[in-house]
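Participant: Can you read through this structure? Questions will come right after.
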Amino acid sequence: MYNYKALNIKELGDLMERIGESRFRASQLYRWIWKRGVTDIDKMSDISKRVRNLLKETGYVGELKLKAAYPSKDGSVKFLFELEDGKEIESVFIPDRDRKTVCVSVQVGCPMGCKFCATGSLGFTRNLKSWEIADQVLQVQKFMREFTGDKELRITNVVYMGMGEPLVNLQEVKNSVYTLNSHIGLNIGSRRITISTVGIIPGIYELSDFDRQVKLAVSLHSAIQWKRARIVPVAKAYPLHKLRKAVMHYFERKKRWVTFEYLLLPEFNDGEEDIRALEEFVSGIPSKINVIPFNPYPGASFRAPTDREIDRFVKRLQRLPHTVTLRASRGGDVGGACGQLAKFHPGDLRFVKI
Ligand code: SAH
Ligand code: SF4
């Protein structure tokens, strides 16, 4: 049995030909699946009964199963989805005026094991398929339309910042971008799609040749090699000087500014020598710096910075010529903030106190 949601428009065209139909029928089916979010083949009213019956015989339209939605006080909503094999992943909806962003997962767990990340502490189970990545956006849009009563609500932006590392599942990630991008589907512009990586160098080179203008975000967290390697184990294989070259290459190819994400871990990476190293690392790279205050989760070995520490750090970074932004934490009360995605239910969330 085919899962029609897992096929791209060309593959659907081939399938239509095989069942004796013209290829253009594929776009009808694709629209039903990715624009209207319909899974019941009988509801696809502009497809003839004969073709519908054939489609039902050879396949089905898969769907992530929504297990729970946790609305946060700040308007964001955390989602728990079950995959066809029973595994679970999370996604987050983040509204900000006209912008409606979905943060998607790309893996069940994550193999990178970063020391400050709840997902990393889970270990790795498997990669997601491209349809499983794109379907998170479709399902969130569908849910939010019902939840808000706004039938026209559209997801405008997608960030690959949920569970997992996109650049070690790059083929599926690229295919999911094509799906999100499709004019006859969700129609999300590639400039509104951000892929965040922990710094997988071969992946950055491959993304430089990708035929879509997605934004790149690099999780730097420290510009001092030994420090970075302590919290990001993969930094040993992909050291800073090579990472810098890869990012420069990306910029030269794409002419798109890169964002460096800098997790603020108080008393670990917020000293004068840290700022100096950061200054040197980013100098000459057209980029901006996004400071992310550490979000605690059960069992975390770092503490959250105080408001004063955040303020002080951001102010001190202002001597750099780069734009520095502070990521307002969203969804923390439901475990939906950065680094908290690890199947904790809100009731389980105990914030570590120091
Ligand atoms: N694997 C990718 C994308 C997912 S993580 C990456 O690492 O970039 C998305 C962002 O959340 C990264 O910048 C990551 O460093 C950050 N993050 C992870 N744990 C966090 C935590 N506990 N608090 C705040 N941000 C965290
Ligand atoms: Fe994986 Fe990113 Fe978490 Fe590191 S920060 S463990 S790469 S999800």
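Letters A, B, ... mark the chains of the structure tokens in the order given; residue numbers begin at 1 per chain; ligand numbers begin at 1, in order shown.
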Give me, as an NGL selection string, the set of residues whose atoms come within 10 Å of any atom of ligand 2, counting only C-alpha atoms and all ligand atoms.
Facilitator: :A and (105-124 or 160-168 or 196-200 or 218-219 or 221 or 231-234 or 263 or 338-342)
Participant: I need the residues of region 95-314 of chain A that end up classed as strand (DSSP E or B) by DSSP on the backbone, written out as a ChimeraX atom specification.
Facilitator: /A:95-96,99-103,107-109,124-127,157-160,193-197,215-219,258-264,287-293
Participant: DSSP on the backbone, alpha helix (DSSP H) only: what residues of region 105-138 of chain A does that give? Format it as JSON, numbers by chain.
Facilitator: {"A": [118, 119, 120, 121, 122, 130, 131, 132, 133, 134, 135, 136, 137, 138]}
Participant: Quick one: everything within 12 Å of Tyr250 (chain A), counting only C-alpha atoms, minus sequence neighbours fewer than 4 positions away in the same chain. Send it as a list in words.
Facilitator: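 Close residues of Tyr250 (chain A): Ile201, Pro202, Gly203, Ile204, Tyr205, Glu206, Leu207, Ser208, Asp209, Phe210, Gln213, Val214, Lys215, Leu216, Ala217, Val218, Leu243, Arg244, Lys245, Ala246, Lys254, Lys255, Arg256, Trp257, Val258, Thr259, Ile285, Pro286 and Ser287 of chain A.
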Participant: Using only C-alpha atoms, determine which residues lie at most 9 Å from region 26-40 of chain A, disregarding the query and same-chain residues fewer than 5 positions distant; provide the list as a ChimeraX atom specification.
Facilitator: /A:4-5,8-16,46-47,60-63,135,138-139,142,179-180,182,184-187
